[in-house]
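Visitor: Got final38.cif for you, mmCIF, C-alpha atoms:
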data_protein
loop_
_atom_site.group_PDB
_atom_site.id
_atom_site.type_symbol
_atom_site.label_atom_id
_atom_site.label_comp_id
_atom_site.auth_asym_id
_atom_site.auth_seq_id
_atom_site.Cartn_x
_atom_site.Cartn_y
_atom_site.Cartn_z
ATOM 1 C CA GLU A 641 -45.615 -148.511 -110.892
ATOM 2 C CA GLY A 642 -43.797 -146.108 -108.601
ATOM 3 C CA ARG A 643 -44.180 -146.389 -104.873
ATOM 4 C CA LEU A 644 -43.229 -143.968 -102.108
ATOM 5 C CA VAL A 645 -43.205 -144.871 -98.435
ATOM 6 C CA GLU A 646 -42.814 -142.217 -95.746
ATOM 7 C CA SER A 647 -41.600 -142.884 -92.235
ATOM 8 C CA GLY A 648 -40.363 -140.986 -89.205
ATOM 9 C CA GLY A 649 -43.496 -139.147 -88.177
ATOM 10 C CA GLY A 650 -44.524 -138.807 -84.562
ATOM 11 C CA SER A 651 -45.120 -136.414 -81.707
ATOM 12 C CA VAL A 652 -42.640 -133.780 -80.623
ATOM 13 C CA GLN A 653 -42.684 -130.753 -78.401
ATOM 14 C CA SER A 654 -42.476 -127.211 -79.667
ATOM 15 C CA ARG A 655 -38.949 -126.187 -80.747
ATOM 16 C CA GLY A 656 -38.007 -129.831 -81.190
ATOM 17 C CA SER A 657 -36.677 -131.571 -84.296
ATOM 18 C CA LEU A 658 -37.810 -134.468 -86.432
ATOM 19 C CA THR A 659 -36.581 -136.078 -89.653
ATOM 20 C CA LEU A 660 -38.924 -137.762 -92.098
ATOM 21 C CA SER A 661 -37.815 -140.272 -94.721
ATOM 22 C CA CYS A 662 -39.372 -141.187 -98.053
ATOM 23 C CA THR A 663 -38.119 -144.301 -99.815
ATOM 24 C CA ALA A 664 -38.890 -144.713 -103.505
ATOM 25 C CA SER A 665 -39.200 -147.877 -105.569
ATOM 26 C CA GLY A 666 -40.621 -149.067 -108.876
ATOM 27 C CA TYR A 667 -39.267 -146.266 -111.058
ATOM 28 C CA THR A 668 -35.983 -144.639 -112.029
ATOM 29 C CA TYR A 669 -35.364 -142.278 -109.134
ATOM 30 C CA SER A 670 -32.950 -140.050 -111.039
ATOM 31 C CA GLU A 671 -35.572 -139.173 -113.653
ATOM 32 C CA TYR A 672 -37.958 -137.619 -111.149
ATOM 33 C CA TYR A 673 -37.607 -134.710 -108.803
ATOM 34 C CA MET A 674 -39.064 -134.909 -105.345
ATOM 35 C CA ALA A 675 -41.215 -132.751 -103.123
ATOM 36 C CA TRP A 676 -42.764 -132.629 -99.685
ATOM 37 C CA PHE A 677 -46.295 -131.460 -99.015
ATOM 38 C CA ARG A 678 -48.384 -131.297 -95.868
ATOM 39 C CA GLN A 679 -52.049 -131.140 -95.000
ATOM 40 C CA LYS A 680 -53.116 -129.495 -91.774
ATOM 41 C CA PRO A 681 -56.433 -130.436 -90.149
ATOM 42 C CA GLY A 682 -59.305 -128.867 -92.036
ATOM 43 C CA GLU A 683 -57.067 -127.317 -94.688
ATOM 44 C CA GLU A 684 -55.986 -128.088 -98.230
ATOM 45 C CA ARG A 685 -52.679 -129.772 -98.921
ATOM 46 C CA GLU A 686 -49.870 -127.234 -99.240
ATOM 47 C CA GLU A 687 -46.268 -127.215 -100.411
ATOM 48 C CA VAL A 688 -43.320 -127.638 -98.076
ATOM 49 C CA GLY A 689 -40.562 -127.713 -100.659
ATOM 50 C CA CYS A 690 -38.850 -129.608 -103.448
ATOM 51 C CA ILE A 691 -35.427 -130.716 -104.664
ATOM 52 C CA ASP A 692 -34.219 -131.154 -108.239
ATOM 53 C CA THR A 693 -32.745 -134.351 -109.632
ATOM 54 C CA SER A 694 -29.155 -133.204 -109.126
ATOM 55 C CA GLY A 695 -29.743 -132.330 -105.476
ATOM 56 C CA ARG A 696 -28.234 -128.873 -105.955
ATOM 57 C CA TYR A 697 -31.435 -126.835 -106.314
ATOM 58 C CA ARG A 698 -34.094 -126.609 -103.658
ATOM 59 C CA HIS A 699 -37.211 -124.546 -103.163
ATOM 60 C CA TYR A 700 -38.938 -124.038 -99.808
ATOM 61 C CA SER A 701 -42.211 -122.443 -98.841
ATOM 62 C CA ALA A 702 -41.857 -119.184 -96.923
ATOM 63 C CA SER A 703 -43.243 -120.712 -93.743
ATOM 64 C CA VAL A 704 -40.477 -123.321 -93.449
ATOM 65 C CA THR A 705 -37.472 -121.942 -95.332
ATOM 66 C CA ALA A 706 -35.473 -121.014 -92.235
ATOM 67 C CA ARG A 707 -36.274 -124.220 -90.345
ATOM 68 C CA PHE A 708 -36.625 -127.160 -92.755
ATOM 69 C CA ARG A 709 -34.157 -128.811 -95.095
ATOM 70 C CA ILE A 710 -34.670 -131.349 -97.908
ATOM 71 C CA PRO A 711 -31.651 -133.589 -98.524
ATOM 72 C CA GLN A 712 -31.717 -136.803 -100.495
ATOM 73 C CA ASP A 713 -29.566 -139.905 -100.852
ATOM 74 C CA SER A 714 -29.897 -140.919 -104.485
ATOM 75 C CA ALA A 715 -27.893 -144.086 -103.909
ATOM 76 C CA LYS A 716 -30.621 -145.211 -101.508
ATOM 77 C CA ASN A 717 -33.527 -143.719 -103.482
ATOM 78 C CA THR A 718 -34.443 -141.868 -100.314
ATOM 79 C CA LEU A 719 -35.639 -138.341 -99.695
ATOM 80 C CA TYR A 720 -35.572 -136.681 -96.286
ATOM 81 C CA LEU A 721 -37.253 -133.776 -94.580
ATOM 82 C CA GLN A 722 -35.232 -132.362 -91.709
ATOM 83 C CA MET A 723 -37.469 -130.241 -89.513
ATOM 84 C CA ASN A 724 -36.051 -127.994 -86.818
ATOM 85 C CA ASP A 725 -37.586 -125.509 -84.395
ATOM 86 C CA LEU A 726 -40.974 -127.124 -84.885
ATOM 87 C CA LYS A 727 -44.094 -125.166 -84.021
ATOM 88 C CA PRO A 728 -47.632 -126.326 -83.216
ATOM 89 C CA GLU A 729 -48.721 -124.925 -86.596
ATOM 90 C CA ASP A 730 -46.452 -127.490 -88.281
ATOM 91 C CA THR A 731 -48.848 -130.212 -87.121
ATOM 92 C CA ALA A 732 -50.004 -131.982 -90.274
ATOM 93 C CA ILE A 733 -49.863 -135.124 -92.344
ATOM 94 C CA TYR A 734 -46.699 -134.943 -94.436
ATOM 95 C CA TYR A 735 -46.529 -136.424 -97.923
ATOM 96 C CA CYS A 736 -43.679 -136.972 -100.337
ATOM 97 C CA ALA A 737 -44.267 -136.965 -104.077
ATOM 98 C CA ALA A 738 -42.336 -137.508 -107.315
ATOM 99 C CA ARG A 739 -42.642 -135.627 -110.590
ATOM 100 C CA HIS A 740 -40.914 -136.510 -113.869
ATOM 101 C CA ALA A 741 -38.171 -133.975 -114.515
ATOM 102 C CA ARG A 742 -38.262 -134.347 -118.324
ATOM 103 C CA GLY A 743 -34.468 -134.232 -118.365
ATOM 104 C CA ILE A 744 -34.311 -130.798 -116.743
ATOM 105 C CA ARG A 745 -31.856 -130.180 -113.907
ATOM 106 C CA GLY A 746 -31.548 -127.170 -111.645
ATOM 107 C CA TYR A 747 -35.283 -126.769 -111.317
ATOM 108 C CA CYS A 748 -38.205 -128.055 -109.307
ATOM 109 C CA ALA A 749 -41.725 -126.801 -108.702
ATOM 110 C CA THR A 750 -44.481 -127.879 -106.362
ATOM 111 C CA GLN A 751 -47.347 -126.683 -108.527
ATOM 112 C CA PRO A 752 -49.496 -128.001 -109.942
ATOM 113 C CA GLN A 753 -49.814 -130.903 -107.534
ATOM 114 C CA THR A 754 -51.591 -132.876 -110.245
ATOM 115 C CA ALA A 755 -48.277 -133.048 -112.144
ATOM 116 C CA PHE A 756 -46.810 -135.354 -109.499
ATOM 117 C CA ALA A 757 -47.001 -138.966 -110.650
ATOM 118 C CA PHE A 758 -46.398 -140.776 -107.368
ATOM 119 C CA TRP A 759 -47.447 -140.004 -103.806
ATOM 120 C CA GLY A 760 -46.713 -141.559 -100.465
ATOM 121 C CA GLN A 761 -49.394 -142.523 -97.989
ATOM 122 C CA GLY A 762 -48.499 -139.740 -95.585
ATOM 123 C CA THR A 763 -47.052 -139.650 -92.096
ATOM 124 C CA GLN A 764 -48.481 -137.723 -89.152
ATOM 125 C CA VAL A 765 -46.424 -135.069 -87.374
ATOM 126 C CA THR A 766 -47.876 -133.597 -84.193
ATOM 127 C CA VAL A 767 -46.196 -130.685 -82.416
ATOM 128 C CA SER A 768 -47.382 -129.832 -78.924
ATOM 129 C CA SER A 769 -46.843 -126.521 -77.180
#
Is it possible to express this structure as structure tokens?
Guide:
Amino acid sequence: EGRLVESGGGSVQSRGSLTLSCTASGYTYSEYYMAWFRQKPGEEREEVGCIDTSGRYRHYSASVTARFRIPQDSAKNTLYLQMNDLKPEDTAIYYCAARHARGIRGYCATQPQTAFAFWGQGTQVTVSS
């Protein structure tokens, strides 16, 4: 059974930076592509972005595309979320998730969320003004 563990959350001031990590175990990392989601207080969980199995294709939501980056270290089975120029509206619980790529490279998608097989427990990010 796959397991994802996020770390790196915390509190930061507006315009600061933070990097989250997501370490995977219990499945073949290279067969799944990865994504980040977040859930703001009182709202539904929303996409942040995803990365394909090769690491060459990424998709970002419009609200973060100029500020966030999603690298991964496949040798360490670890996904990252590099967040820069953080804003109070980025305050949320951040989740990583894994979806079987079915052998397809150069593609990732964050919808539907139900297609993701494994989810982390979430890590809180709080941005103060």
Visitor: Could you give me, as a ChimeraX atom specification, the residues within 10 Å of Ala702 of chain A, counting all atoms listed in the file and dropping anything in the same chain fewer than 6 positions from it?
Guide: /A:687-689
Visitor: Quick one, how far is atom CA of Ala715 of chain A from atom CA of Ser657 of chain A?
Guide: 24.9 Å
Visitor: Could the residues of segment 674-715 of chain A that have an atom at most 8 Å from segment 729-737 of chain A be listed as JSON lines, each with its closest atom pair and the distance in Å to one decimal, counting only C-alpha atoms and ordered by chain and ascending residue number?
Guide:
{"residue": "A:Met674", "atom": "CA", "partner": "A:Ala737", "partner_atom": "CA", "distance": 5.7}
{"residue": "A:Ala675", "atom": "CA", "partner": "A:Ala737", "partner_atom": "CA", "distance": 5.3}
{"residue": "A:Trp676", "atom": "CA", "partner": "A:Cys736", "partner_atom": "CA", "distance": 4.5}
{"residue": "A:Phe677", "atom": "CA", "partner": "A:Tyr735", "partner_atom": "CA", "distance": 5.1}
{"residue": "A:Arg678", "atom": "CA", "partner": "A:Tyr734", "partner_atom": "CA", "distance": 4.3}
{"residue": "A:Gln679", "atom": "CA", "partner": "A:Ala732", "partner_atom": "CA", "distance": 5.2}
{"residue": "A:Lys680", "atom": "CA", "partner": "A:Ala732", "partner_atom": "CA", "distance": 4.3}
{"residue": "A:Pro681", "atom": "CA", "partner": "A:Ala732", "partner_atom": "CA", "distance": 6.6}
Visitor: Which residues come within 7 Å of Thr766 of chain A, counting all atoms listed in the file, excluding same-chain residues fewer than 2 positions away, as a CSV table (one decimal) with C-alpha atoms, in the frame of the given file?
Guide:
chain,number,residue,atom,x,y,z
A,650,GLY,CA,-44.5,-138.8,-84.6
A,651,SER,CA,-45.1,-136.4,-81.7
A,652,VAL,CA,-42.6,-133.8,-80.6
A,731,THR,CA,-48.8,-130.2,-87.1
A,732,ALA,CA,-50.0,-132.0,-90.3
A,764,GLN,CA,-48.5,-137.7,-89.2
A,768,SER,CA,-47.4,-129.8,-78.9
Visitor: Separation of atom CA of Tyr669 of chain A and atom CA of Asn717 of chain A, in Å?
Guide: 6.1 Å
Visitor: Would you compute the distance between atom CA of Ser694 of chain A and atom CA of Ser647 of chain A? Give it in Å to one decimal.
Guide: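 Answer for the atom CA of Ser694 of chain A to atom CA of Ser647 of chain A separation: 23.1 Å.
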Visitor: Give as a list in words the residues that the PyMOL selection byres ((chain A and resi 708-710) around 6) matches when applied to the coordinates above.
Guide: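 After applying the PyMOL selection byres ((chain A and resi 708-710) around 6), what remains is Val704, Thr705, Arg707, Pro711, Tyr720, Leu721, Gln722 and Met723 of chain A.
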Visitor: Could you tell me which residues the PyMOL selection byres ((chain A and resi 662) around 8) grabs in this file, written as a count of residues only?
Guide: 13
Visitor: When distances are computed from all atoms listed in the file, which of A:Lys716, A:Arg745, A:Lys727, A:Arg739 shows the smallest separation from Arg655 of chain A?
Guide: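 Of A:Lys716, A:Arg745, A:Lys727, A:Arg739, the one nearest Arg655 of chain A is A:Lys727, counting all atoms listed in the file.
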Visitor: Considering all atoms listed in the file, can you say which of A:Gly648, A:Pro728, A:Gly682, A:Gly666 comes closest to Ser769 of chain A?
Guide: A:Pro728
Visitor: When distances are computed from only C-alpha atoms, which of A:Ala741, A:Leu726, A:Cys690, A:Gly649 shows the smallest separation from Ser670 of chain A?
Guide: A:Ala741
Visitor: Using the file's own x, y and z axes, so that the box edges lie along x, y and z, what centre and edge lengths in Å (one decimal) does a box around every listed atom of segment 642-653 of chain A get when 5 Å is added on each side? Give it as AutoDock Vina command-line options.
Guide:
--center_x -42.7 --center_y -138.6 --center_z -93.5 --size_x 14.8 --size_y 25.6 --size_z 40.2
Visitor: My list of candidates is A:Asp692, A:Gln653, A:Ser665, A:Gly762. Which is closest to Ala749 of chain A when distances are computed with all atoms listed in the file?
Guide: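 Closest residue, counting all atoms listed in the file: A:Asp692.
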Visitor: Please determine, counting all atoms listed in the file, which residue among A:Ala757, A:Ile691, A:Leu658, A:Cys748 has the shortest atom-to-atom distance to Gln712 of chain A.
Guide: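 That would be A:Ile691, the residue with the smallest distance to Gln712 of chain A.
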Visitor: Given the block above, output segment 724-750 of chain A with C-alpha atoms as a short mmCIF file (atom, residue, chain, number, x, y, z; two decimals), in the first residue's frame.
Guide:
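Wrote decode_39.cif, looks like this:
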data_model
loop_
_atom_site.label_atom_id
_atom_site.label_comp_id
_atom_site.auth_asym_id
_atom_site.auth_seq_id
_atom_site.Cartn_x
_atom_site.Cartn_y
_atom_site.Cartn_z
CA ASN A 724 7.84 31.94 -3.22
CA ASP A 725 6.26 35.34 -2.70
CA LEU A 726 3.68 33.79 -0.40
CA LYS A 727 0.43 35.62 0.24
CA PRO A 728 -2.09 35.33 3.08
CA GLU A 729 -4.49 33.70 0.61
CA ASP A 730 -2.02 30.82 0.25
CA THR A 731 -2.86 29.79 3.82
CA ALA A 732 -4.13 26.22 3.60
CA ILE A 733 -3.45 22.59 4.34
CA TYR A 734 -1.27 21.26 1.53
CA TYR A 735 -1.55 17.68 0.32
CA CYS A 736 0.52 15.61 -2.07
CA ALA A 737 -1.04 12.80 -4.07
CA ALA A 738 -0.02 10.09 -6.54
CA ARG A 739 -1.88 8.89 -9.62
CA HIS A 740 -0.92 5.91 -11.80
CA ALA A 741 0.44 7.21 -15.09
CA ARG A 742 -0.56 4.11 -17.11
CA GLY A 743 2.77 4.29 -18.92
CA ILE A 744 2.13 7.79 -20.26
CA ARG A 745 4.88 10.40 -20.06
CA GLY A 746 4.70 14.10 -20.81
CA TYR A 747 1.32 14.48 -19.19
CA CYS A 748 -0.27 15.03 -15.81
CA ALA A 749 -3.69 16.19 -14.68
CA THR A 750 -5.12 17.12 -11.32
#
